[in-house]
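Colleague: Below you'll find structure.csv; it's CSV, C-alpha atoms and all ligand atoms.
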chain,number,residue,atom,x,y,z
A,1,MET,CA,-50.8,-114.4,100.3
A,2,ALA,CA,-50.2,-116.8,97.4
A,3,VAL,CA,-51.2,-115.5,94.0
A,4,ASN,CA,-54.3,-117.1,92.5
A,5,LEU,CA,-53.5,-117.5,88.7
A,6,LYS,CA,-57.2,-117.4,87.8
A,7,ALA,CA,-57.7,-114.1,89.6
A,8,LEU,CA,-55.0,-112.3,87.6
A,9,PRO,CA,-56.2,-109.8,85.0
A,10,ASP,CA,-56.2,-111.1,81.4
A,11,LYS,CA,-56.1,-107.6,80.0
A,12,LYS,CA,-53.7,-107.0,77.1
A,13,TYR,CA,-50.8,-105.0,78.6
A,14,ILE,CA,-48.3,-105.8,75.9
A,15,MET,CA,-49.7,-105.1,72.5
A,16,PRO,CA,-49.4,-107.6,69.6
A,17,GLY,CA,-46.9,-106.6,66.8
A,18,ASN,CA,-44.5,-104.9,69.2
A,19,ALA,CA,-40.7,-105.0,68.5
A,20,SER,CA,-39.6,-107.7,70.9
A,21,CYS,CA,-38.0,-111.0,69.7
A,22,PRO,CA,-39.8,-114.3,70.2
A,23,GLY,CA,-39.4,-115.6,73.8
A,24,CYS,CA,-38.4,-112.1,75.0
A,25,PRO,CA,-38.2,-112.0,78.8
A,26,GLU,CA,-38.6,-108.3,78.9
A,27,SER,CA,-42.1,-108.3,77.4
A,28,MET,CA,-43.0,-111.2,79.7
A,29,GLY,CA,-41.8,-109.4,82.7
A,30,LEU,CA,-43.5,-106.1,81.8
A,31,ARG,CA,-46.8,-108.0,81.5
A,32,TYR,CA,-46.3,-109.4,85.0
A,33,VAL,CA,-45.6,-106.0,86.4
A,34,LYS,CA,-49.0,-104.7,85.1
A,35,MET,CA,-50.8,-107.9,86.2
A,36,ALA,CA,-49.4,-107.3,89.7
A,37,LEU,CA,-49.9,-103.6,90.1
A,38,GLY,CA,-52.8,-102.9,87.7
A,39,ASP,CA,-53.4,-99.6,86.0
A,40,ASN,CA,-52.1,-97.3,88.7
A,41,VAL,CA,-48.6,-97.5,87.3
A,42,VAL,CA,-46.3,-95.1,85.5
A,43,LEU,CA,-43.2,-96.7,84.0
A,44,VAL,CA,-39.8,-95.0,83.7
A,45,ILE,CA,-37.7,-96.7,81.0
A,46,PRO,CA,-34.2,-95.8,80.2
A,47,ALA,CA,-32.5,-96.9,76.9
A,48,GLY,CA,-32.5,-100.6,76.3
A,49,CYS,CA,-34.6,-103.3,74.6
A,50,SER,CA,-37.7,-102.2,76.5
A,51,SER,CA,-37.5,-98.7,75.2
A,52,VAL,CA,-37.7,-100.2,71.7
A,53,ILE,CA,-40.5,-102.6,72.6
A,54,GLN,CA,-42.3,-99.5,74.0
A,55,GLY,CA,-42.3,-97.9,70.6
A,56,ILE,CA,-43.3,-94.4,69.6
A,57,ALA,CA,-46.5,-92.8,70.7
A,58,PRO,CA,-49.3,-93.0,69.7
A,59,ARG,CA,-48.5,-96.6,68.6
A,60,SER,CA,-46.9,-97.8,71.8
A,61,GLY,CA,-46.3,-101.5,72.3
A,62,ILE,CA,-47.0,-101.3,76.0
A,63,ASN,CA,-50.4,-100.3,77.3
A,64,THR,CA,-49.3,-98.0,80.1
A,65,PRO,CA,-48.0,-94.4,80.6
A,66,ILE,CA,-44.3,-94.3,80.1
A,67,LEU,CA,-41.5,-91.8,80.6
A,68,ASN,CA,-38.7,-92.7,78.3
A,69,ILE,CA,-35.5,-91.3,79.7
A,70,VAL,CA,-31.8,-91.2,79.0
A,71,PHE,CA,-29.7,-94.2,79.9
A,72,ALA,CA,-28.1,-92.9,83.1
A,73,ALA,CA,-31.2,-91.2,84.7
A,74,GLY,CA,-33.8,-93.9,85.4
A,75,ALA,CA,-33.8,-93.5,89.2
A,76,SER,CA,-33.4,-89.7,89.3
A,77,ALA,CA,-36.2,-89.2,86.7
A,78,ALA,CA,-38.5,-91.4,88.7
A,79,SER,CA,-37.7,-89.5,91.9
A,80,GLY,CA,-38.7,-86.2,90.3
A,81,LEU,CA,-41.8,-87.8,88.8
A,82,LYS,CA,-43.0,-89.2,92.1
A,83,ALA,CA,-42.4,-85.8,93.8
A,84,ALA,CA,-44.5,-84.1,91.1
A,85,TYR,CA,-47.3,-86.6,91.5
A,86,GLU,CA,-47.2,-86.0,95.3
A,87,MET,CA,-47.6,-82.3,94.8
A,88,LEU,CA,-50.6,-82.9,92.5
A,89,GLY,CA,-52.1,-85.3,95.0
A,90,LYS,CA,-51.9,-88.3,92.6
A,91,ASP,CA,-51.1,-91.7,94.1
A,92,TYR,CA,-49.3,-93.6,91.3
A,93,HIS,CA,-46.7,-96.3,91.6
A,94,VAL,CA,-43.7,-94.9,89.8
A,95,VAL,CA,-41.7,-97.9,88.6
A,96,VAL,CA,-38.3,-97.8,86.9
A,97,TRP,CA,-37.8,-100.7,84.5
A,98,ALA,CA,-34.1,-100.6,83.6
A,99,GLY,CA,-31.7,-103.2,82.1
A,100,ASP,CA,-28.5,-104.5,83.8
A,101,GLY,CA,-26.4,-102.0,81.9
A,102,GLY,CA,-28.8,-99.2,82.9
A,103,THR,CA,-28.7,-100.4,86.5
A,104,GLY,CA,-25.3,-101.7,87.4
A,105,ASP,CA,-23.2,-99.6,85.1
A,106,ILE,CA,-24.3,-96.2,83.7
A,107,GLY,CA,-27.4,-95.8,85.9
A,108,PHE,CA,-25.7,-96.9,89.1
A,109,GLN,CA,-25.0,-93.4,90.4
A,110,ALA,CA,-28.7,-92.3,90.1
A,111,LEU,CA,-29.8,-95.7,91.6
A,112,SER,CA,-27.5,-95.4,94.6
A,113,GLY,CA,-28.5,-91.8,95.2
A,114,ALA,CA,-32.3,-92.5,95.1
A,115,ALA,CA,-31.8,-95.6,97.3
A,116,GLU,CA,-29.8,-93.5,99.9
A,117,ARG,CA,-32.5,-90.8,99.9
A,118,ASP,CA,-35.2,-93.5,100.3
A,119,GLU,CA,-37.2,-92.2,97.4
A,120,ASP,CA,-40.7,-93.6,97.2
A,121,ILE,CA,-40.3,-95.6,94.0
A,122,ILE,CA,-40.1,-99.2,92.9
A,123,TYR,CA,-36.9,-99.9,90.9
A,124,ILE,CA,-36.8,-103.1,88.8
A,125,CYS,CA,-33.6,-104.2,87.1
A,126,VAL,CA,-34.5,-106.5,84.2
A,127,ASP,CA,-31.2,-108.4,84.1
A,128,ASN,CA,-30.5,-110.2,80.8
A,129,GLU,CA,-26.8,-110.0,81.6
A,130,ALA,CA,-25.6,-107.9,78.7
A,131,TYR,CA,-26.2,-104.8,76.6
A,132,MET,CA,-28.7,-106.6,74.4
A,133,ASN,CA,-30.2,-103.6,72.6
A,134,THR,CA,-26.9,-102.5,71.1
A,135,GLY,CA,-25.6,-106.0,70.1
A,136,ILE,CA,-24.8,-108.1,73.2
A,137,GLN,CA,-21.9,-106.3,74.7
A,138,ARG,CA,-20.7,-107.3,78.2
A,139,SER,CA,-22.0,-105.4,81.3
A,140,SER,CA,-20.8,-105.7,84.9
A,141,LEU,CA,-23.6,-108.1,85.4
A,142,THR,CA,-22.5,-110.5,82.7
A,143,PRO,CA,-21.5,-113.7,84.5
A,144,TYR,CA,-18.0,-115.3,84.5
A,145,GLY,CA,-17.3,-117.4,81.4
A,146,ALA,CA,-20.2,-116.0,79.2
A,147,TRP,CA,-19.6,-115.2,75.6
A,148,THR,CA,-20.6,-111.7,74.4
A,149,THR,CA,-19.6,-109.7,71.4
A,150,THR,CA,-17.0,-108.0,73.6
A,151,THR,CA,-15.9,-111.1,75.5
A,152,TRP,CA,-15.2,-113.6,72.7
A,153,THR,CA,-13.4,-116.1,74.9
A,154,GLY,CA,-15.7,-115.7,77.9
A,155,LYS,CA,-15.9,-112.9,80.5
A,156,LYS,CA,-13.1,-113.1,83.0
A,157,GLU,CA,-14.8,-111.3,85.9
A,158,HIS,CA,-17.8,-112.5,88.0
A,159,LYS,CA,-21.1,-110.8,88.0
A,160,LYS,CA,-21.7,-107.7,90.2
A,161,ASN,CA,-24.1,-108.6,92.9
A,162,VAL,CA,-26.4,-105.5,92.7
A,163,PRO,CA,-29.3,-106.8,95.0
A,164,ILE,CA,-26.8,-107.3,97.9
A,165,ILE,CA,-25.3,-103.8,97.2
A,166,LEU,CA,-28.9,-102.5,97.6
A,167,VAL,CA,-29.4,-104.4,100.8
A,168,SER,CA,-26.3,-102.5,102.1
A,169,HIS,CA,-28.0,-99.2,101.2
A,170,GLY,CA,-30.4,-99.9,104.0
A,171,VAL,CA,-33.5,-99.6,101.8
A,172,LYS,CA,-37.0,-100.8,102.8
A,173,TYR,CA,-37.3,-103.7,100.3
A,174,VAL,CA,-35.0,-105.8,98.1
A,175,ALA,CA,-35.9,-109.0,96.4
A,176,THR,CA,-34.7,-111.3,93.7
A,177,ALA,CA,-37.1,-112.9,91.2
A,178,THR,CA,-37.1,-114.4,87.7
A,179,VAL,CA,-39.5,-114.6,84.8
A,180,GLY,CA,-39.2,-118.4,85.3
A,181,TYR,CA,-41.4,-118.0,88.4
A,182,PRO,CA,-44.1,-115.4,87.5
A,183,THR,CA,-46.2,-115.9,90.6
A,184,ASP,CA,-43.3,-115.4,92.9
A,185,PHE,CA,-42.4,-112.2,91.0
A,186,ILE,CA,-46.0,-111.0,91.2
A,187,GLU,CA,-46.3,-111.7,94.9
A,188,LYS,CA,-43.1,-109.8,95.5
A,189,LEU,CA,-44.3,-106.8,93.5
A,190,ARG,CA,-47.5,-106.7,95.4
A,191,ARG,CA,-45.8,-106.9,98.8
A,192,ALA,CA,-43.3,-104.1,97.6
A,193,SER,CA,-46.2,-102.0,96.4
A,194,LYS,CA,-47.6,-101.8,100.0
A,195,ILE,CA,-44.4,-100.4,101.4
A,196,LYS,CA,-43.5,-96.7,101.3
A,197,GLY,CA,-39.9,-95.8,100.5
A,198,PHE,CA,-37.3,-97.2,98.1
A,199,ARG,CA,-38.0,-100.7,96.8
A,200,TYR,CA,-35.7,-102.7,94.5
A,201,ILE,CA,-36.5,-106.0,92.7
A,202,HIS,CA,-33.8,-107.8,90.6
A,203,LEU,CA,-35.5,-109.8,87.8
A,204,LEU,CA,-33.3,-112.4,86.1
A,205,ALA,CA,-34.4,-112.3,82.4
A,206,PRO,CA,-32.9,-115.1,80.2
A,207,CYS,CA,-32.6,-113.6,76.7
A,208,PRO,CA,-32.8,-116.2,73.8
A,209,VAL,CA,-30.9,-113.9,71.5
A,210,GLY,CA,-27.9,-113.0,73.7
A,211,TRP,CA,-27.7,-116.2,75.6
A,212,ARG,CA,-28.1,-118.3,72.5
A,213,PHE,CA,-31.0,-120.6,73.3
A,214,ASP,CA,-34.3,-121.7,71.7
A,215,PRO,CA,-37.0,-119.0,72.4
A,216,SER,CA,-39.3,-121.7,73.9
A,217,LEU,CA,-36.9,-122.1,76.8
A,218,THR,CA,-37.0,-118.7,78.4
A,219,ALA,CA,-39.0,-119.7,81.5
A,220,ARG,CA,-37.2,-123.0,81.9
A,221,ILE,CA,-33.8,-121.4,81.9
A,222,GLY,CA,-34.9,-119.0,84.6
A,223,GLN,CA,-36.1,-121.9,86.7
A,224,LEU,CA,-32.8,-123.8,86.1
A,225,ALA,CA,-30.9,-120.7,87.4
A,226,VAL,CA,-32.7,-121.2,90.7
A,227,LYS,CA,-32.6,-125.0,90.8
A,228,THR,CA,-28.8,-125.2,90.2
A,229,GLY,CA,-28.3,-122.7,93.1
A,230,LEU,CA,-26.8,-120.1,90.8
A,231,TYR,CA,-29.5,-117.5,91.6
A,232,PRO,CA,-30.9,-117.6,95.1
A,233,LEU,CA,-34.4,-116.1,95.5
A,234,PHE,CA,-34.8,-113.9,98.6
A,235,GLU,CA,-36.6,-111.0,100.1
A,236,TYR,CA,-35.2,-108.3,102.5
A,237,VAL,CA,-38.1,-106.5,104.1
A,238,ASN,CA,-37.7,-103.7,106.6
A,239,GLY,CA,-34.4,-105.1,107.9
A,240,LYS,CA,-35.6,-108.8,107.8
A,241,PHE,CA,-33.9,-111.3,105.4
A,242,ARG,CA,-35.7,-114.4,104.2
A,243,LEU,CA,-35.3,-117.0,101.5
A,244,SER,CA,-38.3,-117.3,99.2
A,245,PRO,CA,-40.4,-120.5,99.5
A,246,ILE,CA,-39.7,-121.6,95.9
A,247,GLY,CA,-35.9,-121.4,96.2
A,248,ARG,CA,-35.3,-122.3,99.9
A,249,ARG,CA,-34.6,-126.0,99.2
A,250,TYR,CA,-31.7,-125.2,97.0
A,251,LYS,CA,-29.8,-123.8,100.0
A,252,ASP,CA,-28.8,-127.4,100.5
A,253,PRO,CA,-26.3,-128.4,97.8
A,254,LYS,CA,-27.8,-132.0,97.8
A,255,ASN,CA,-31.1,-130.6,96.4
A,256,ARG,CA,-29.4,-128.6,93.5
A,257,LEU,CA,-29.2,-129.7,89.9
A,258,PRO,CA,-25.6,-129.8,88.5
A,259,ILE,CA,-24.7,-126.4,86.9
A,260,ILE,CA,-24.0,-128.1,83.6
A,261,GLU,CA,-27.8,-128.6,83.2
A,262,TYR,CA,-28.1,-124.8,83.0
A,263,LEU,CA,-24.9,-124.1,81.0
A,264,LYS,CA,-25.5,-126.7,78.3
A,265,LEU,CA,-28.7,-125.1,77.0
A,266,GLN,CA,-27.0,-121.8,76.3
A,267,GLY,CA,-24.7,-121.2,73.3
A,268,ARG,CA,-22.9,-118.4,75.2
A,269,TYR,CA,-21.3,-121.1,77.3
A,270,LYS,CA,-20.5,-123.5,74.4
A,271,HIS,CA,-16.7,-122.9,74.6
A,272,LEU,CA,-16.4,-124.0,78.2
A,273,LEU,CA,-18.5,-127.1,78.4
A,274,ASP,CA,-15.5,-129.3,77.9
A,275,LYS,CA,-13.3,-127.4,80.4
A,276,PRO,CA,-13.8,-128.8,83.9
A,277,GLU,CA,-11.6,-126.1,85.5
A,278,GLU,CA,-13.9,-123.3,84.1
A,279,ILE,CA,-17.0,-125.1,85.3
A,280,LYS,CA,-15.3,-125.4,88.7
A,281,LYS,CA,-15.0,-121.6,88.9
A,282,ILE,CA,-18.7,-121.2,88.4
A,283,GLU,CA,-19.4,-123.9,91.1
A,284,GLU,CA,-17.1,-122.0,93.5
A,285,TYR,CA,-19.0,-118.8,92.7
A,286,ILE,CA,-22.3,-120.6,93.6
A,287,GLU,CA,-20.8,-121.7,96.9
A,288,ASN,CA,-19.5,-118.2,97.7
A,289,THR,CA,-22.9,-116.7,96.9
A,290,TRP,CA,-24.6,-119.1,99.3
A,291,HIS,CA,-22.0,-118.2,102.1
A,292,LEU,CA,-23.1,-114.6,101.7
A,293,ILE,CA,-26.8,-115.5,101.7
A,294,ASP,CA,-26.3,-117.8,104.7
A,295,ALA,CA,-24.6,-115.0,106.6
A,296,LEU,CA,-27.4,-112.5,105.8
A,297,GLU,CA,-30.1,-115.1,106.8
A,298,LYS,CA,-28.3,-115.9,110.1
A,299,SER,CA,-27.8,-112.2,111.0
A,300,PHE,CA,-31.2,-110.8,109.9
A,301,SER,CA,-33.8,-113.5,109.8
A,302,LYS,CA,-35.6,-111.8,112.7
A,303,GLY,CA,-34.8,-108.3,111.6
A,304,GLY,CA,-32.1,-105.8,112.6
A,305,GLY,CA,-30.7,-105.1,109.1
A,306,GLU,CA,-31.9,-101.5,109.2
A,307,LYS,CA,-29.9,-100.9,112.4
A,308,ILE,CA,-26.7,-102.0,110.8
A,309,TYR,CA,-27.0,-99.9,107.7
A,310,LYS,CA,-28.8,-96.8,108.8
A,311,ALA,CA,-28.0,-94.4,111.6
A,312,LEU,CA,-31.2,-94.2,113.7
B,401,LIG,C1,-25.2,-92.4,77.2
B,401,LIG,C2,-25.6,-93.5,76.3
B,401,LIG,N1,-24.6,-94.4,76.0
B,401,LIG,C3,-24.9,-95.5,75.2
B,401,LIG,C4,-26.2,-95.6,74.7
B,401,LIG,C5,-26.5,-96.7,73.8
B,401,LIG,N2,-27.3,-97.7,74.4
B,401,LIG,C6,-28.7,-97.8,74.2
B,401,LIG,S1,-29.4,-99.1,74.9
B,401,LIG,C7,-27.9,-99.7,75.4
B,401,LIG,C8,-27.8,-101.1,76.0
B,401,LIG,C9,-28.7,-101.2,77.2
B,401,LIG,O1,-28.3,-102.4,77.9
B,401,LIG,P1,-29.2,-102.8,79.2
B,401,LIG,O2,-29.4,-101.7,80.1
B,401,LIG,O3,-28.6,-104.0,79.8
B,401,LIG,O4,-30.6,-103.1,78.5
B,401,LIG,P2,-31.1,-104.2,77.5
B,401,LIG,O5,-30.9,-103.6,76.1
B,401,LIG,O6,-30.2,-105.4,77.7
B,401,LIG,O7,-32.5,-104.5,77.8
B,401,LIG,C10,-26.9,-98.9,75.0
B,401,LIG,C11,-25.4,-99.1,75.2
B,401,LIG,C12,-27.2,-94.6,75.1
B,401,LIG,N3,-28.4,-94.7,74.7
B,401,LIG,N4,-26.8,-93.6,75.9
B,402,LIG,S1,-32.6,-109.1,72.5
B,402,LIG,FE1,-33.4,-110.3,74.2
B,402,LIG,S2,-34.2,-108.8,75.7
B,402,LIG,FE2,-33.9,-107.8,73.8
B,402,LIG,S3,-35.9,-107.8,72.7
B,402,LIG,FE3,-34.7,-109.6,72.0
B,402,LIG,S4,-35.2,-111.3,73.4
B,402,LIG,FE4,-35.9,-109.3,74.4
B,403,MG,MG,-29.3,-106.0,79.5
Written as C-alpha cells, that's how I'd like the structure from this file.

Modeller:
Amino acid sequence: MAVNLKALPDKKYIMPGNASCPGCPESMGLRYVKMALGDNVVLVIPAGCSSVIQGIAPRSGINTPILNIVFAAGASAASGLKAAYEMLGKDYHVVVWAGDGGTGDIGFQALSGAAERDEDIIYICVDNEAYMNTGIQRSSLTPYGAWTTTTWTGKKEHKKNVPIILVSHGVKYVATATVGYPTDFIEKLRRASKIKGFRYIHLLAPCPVGWRFDPSLTARIGQLAVKTGLYPLFEYVNGKFRLSPIGRRYKDPKNRLPIIEYLKLQGRYKHLLDKPEEIKKIEEYIENTWHLIDALEKSFSKGGGEKIYKAL
C-alpha cells in the first residue's frame, strides 16, 4: 500500500546537534527507518559515519537502542542478538545499518553467512560509495571513474553489485532504494518487516562530502541516479522479481536522462567530464546492468527464483 506522508510519525528520531555533516544521507536514511518501523527496532551499527552520528551514551544522536559493533561483524552480531531476543520472547526487528565498506568488503563474510543461514534480520547497506568516516577511501562499491583519496585519477574498476549477489543467496527479500525517494524506501521497509527470514535493502546514499556536491542536493542526486538508469529500483520477494513503480519507466533508454546530468553535479567526476571515452564506459555499465535486470525480470517475474538458488 502506498505510504501516506501525513500518516508518518513526526517524532524526533535523529537528535539535533548530532555529528553528521549538513545534507547527510545517513541521518536522513536512519530517520526513514524509524518512521517505517516505529519503536520496535534495535539497530546494529558497525564502524562508519553512523557510529559517529550515534555518539556515546547517554547522549546518543539517535533515539533508538543500538548495538555498536566491530567493522566486520554487523550481520553475525545481529544474528546472535535476534536469537537472544527469541529466547527471551521479545519480538524486536533487529536491523543492521552498515556502510558499503562494512557490507561489500570487511563485513561481507558475516553478511553472506547470515544470508545463507536465513537469519531473521533486516540488513540495510547504506551505500555512499566509499569509506567516508576515515577520509573518503575507495571501497569495492565505489563506481568506475570516481575520485577518492585513494583513486586520484578515478577508480579503474566497476562497482560490486551487492544486491544481485544477495539475490543469488536465495534469501527471502532483496530491494534497492535511495534516500532520493523516501516513500519508496519506507514502503519497502514495511513490506520487508512483514516477512520472516533474511531481508536485505540496498540504500543509495549520496554523500555531499565524499561526492563533492552542495549539501542541498542529496535527494536530487539520488533521484538522478534512478532517472539516468544508473541505479535500477527493484524488489525480489520470495523468488519473485519486479521493478519498482518509481523506476520502471527508466528501463526504456528513451525515458532516461543523459548520465552527464548526474555526473556534472559531483566534483568526484570533474576530471572525466571532458573525456567522452570515459563517459562511454559508464554508459556501457548502465546498459549491462539493465541486461542483467531484464534477465531477472524475464526469468522470475512470476516467481521461481527460490527454486533456482535453494535446494528444496
Ligand atoms: C578492522 C577495522 N579496520 C578499519 C577500521 C577503520 N574504519 C572505521 S569506519 C571505516 C570506514 C567505513 O566505511 P563504510 O563502511 O563505507 O561506512 P561510511 O563511513 O562510509 O558510512 C574504517 C575503515 C575499523 N574500525 N576496524
Ligand atoms: S561524510 Fe557523508 S555520510 Fe559521513 S557524516 Fe558526512 S555527509 Fe554523512
Ligand atoms: Mg561508505

Colleague: Could you state the separation of CA of Val41 in chain A and atom P2 of ligand LIG 401 (chain B) in Å, given to one decimal place?

Modeller: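 Between these atoms lies a distance of 21.1 Å.
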
Colleague: Between A:Thr103, A:Thr134, A:Ile186, A:Ala110, single out the one closest to Gly38 in chain A, counting all atoms listed in the file.

Modeller: A:Ile186

Colleague: Enumerate residues in contact with ligand MG 403 (chain B): an atom-to-atom distance of at most 6 Å, counting only C-alpha atoms and all ligand atoms. Format the result as a ChimeraX atom specification.

Modeller: /A:99-101,127-132

Colleague: What residues of the protein or nucleic acid chains come within 9 Å of ligand LIG 401 (chain B) when you use only C-alpha atoms and all ligand atoms? Reply as a ChimeraX atom specification.

Modeller: /A:26,46-52,70-72,98-107,125-139,141,207,210

Colleague: Pick out the closest residue to Asp91 in chain A from this set: A:Asn40, A:Asn4, A:Ser299, A:Asn18. Count all atoms listed in the file.

Modeller: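 Closest to Asp91 in chain A, using all atoms listed in the file: A:Asn40.
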
Colleague: Could you pull range 215-240 of chain A out of the block above and save it with C-alpha atoms, as a compact mmCIF listing (two decimals), in the first residue's frame?

Modeller:
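Written file, result33.txt:
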# COMPACT_ATOMS: atom_id res chain seq x y z
CA PRO A 215 24.53 19.66 0.67
CA SER A 216 21.14 20.85 -0.61
CA LEU A 217 21.36 18.30 -3.48
CA THR A 218 21.42 14.97 -1.60
CA ALA A 219 17.88 13.88 -2.51
CA ARG A 220 18.12 15.24 -6.06
CA ILE A 221 21.29 13.29 -6.81
CA GLY A 222 19.64 10.11 -5.52
CA GLN A 223 16.73 10.76 -7.89
CA LEU A 224 19.10 11.42 -10.79
CA ALA A 225 20.82 8.06 -10.20
CA VAL A 226 17.43 6.46 -10.90
CA LYS A 227 16.36 8.77 -13.75
CA THR A 228 19.60 8.24 -15.70
CA GLY A 229 19.16 4.45 -15.42
CA LEU A 230 22.35 4.10 -13.37
CA TYR A 231 20.56 2.68 -10.35
CA PRO A 232 17.54 0.45 -11.09
CA LEU A 233 14.97 0.22 -8.30
CA PHE A 234 13.67 -3.33 -7.78
CA GLU A 235 12.30 -5.82 -5.31
CA TYR A 236 12.88 -9.56 -5.13
CA VAL A 237 10.26 -11.09 -2.84
CA ASN A 238 10.06 -14.83 -2.11
CA GLY A 239 11.53 -15.73 -5.50
CA LYS A 240 9.59 -13.10 -7.48
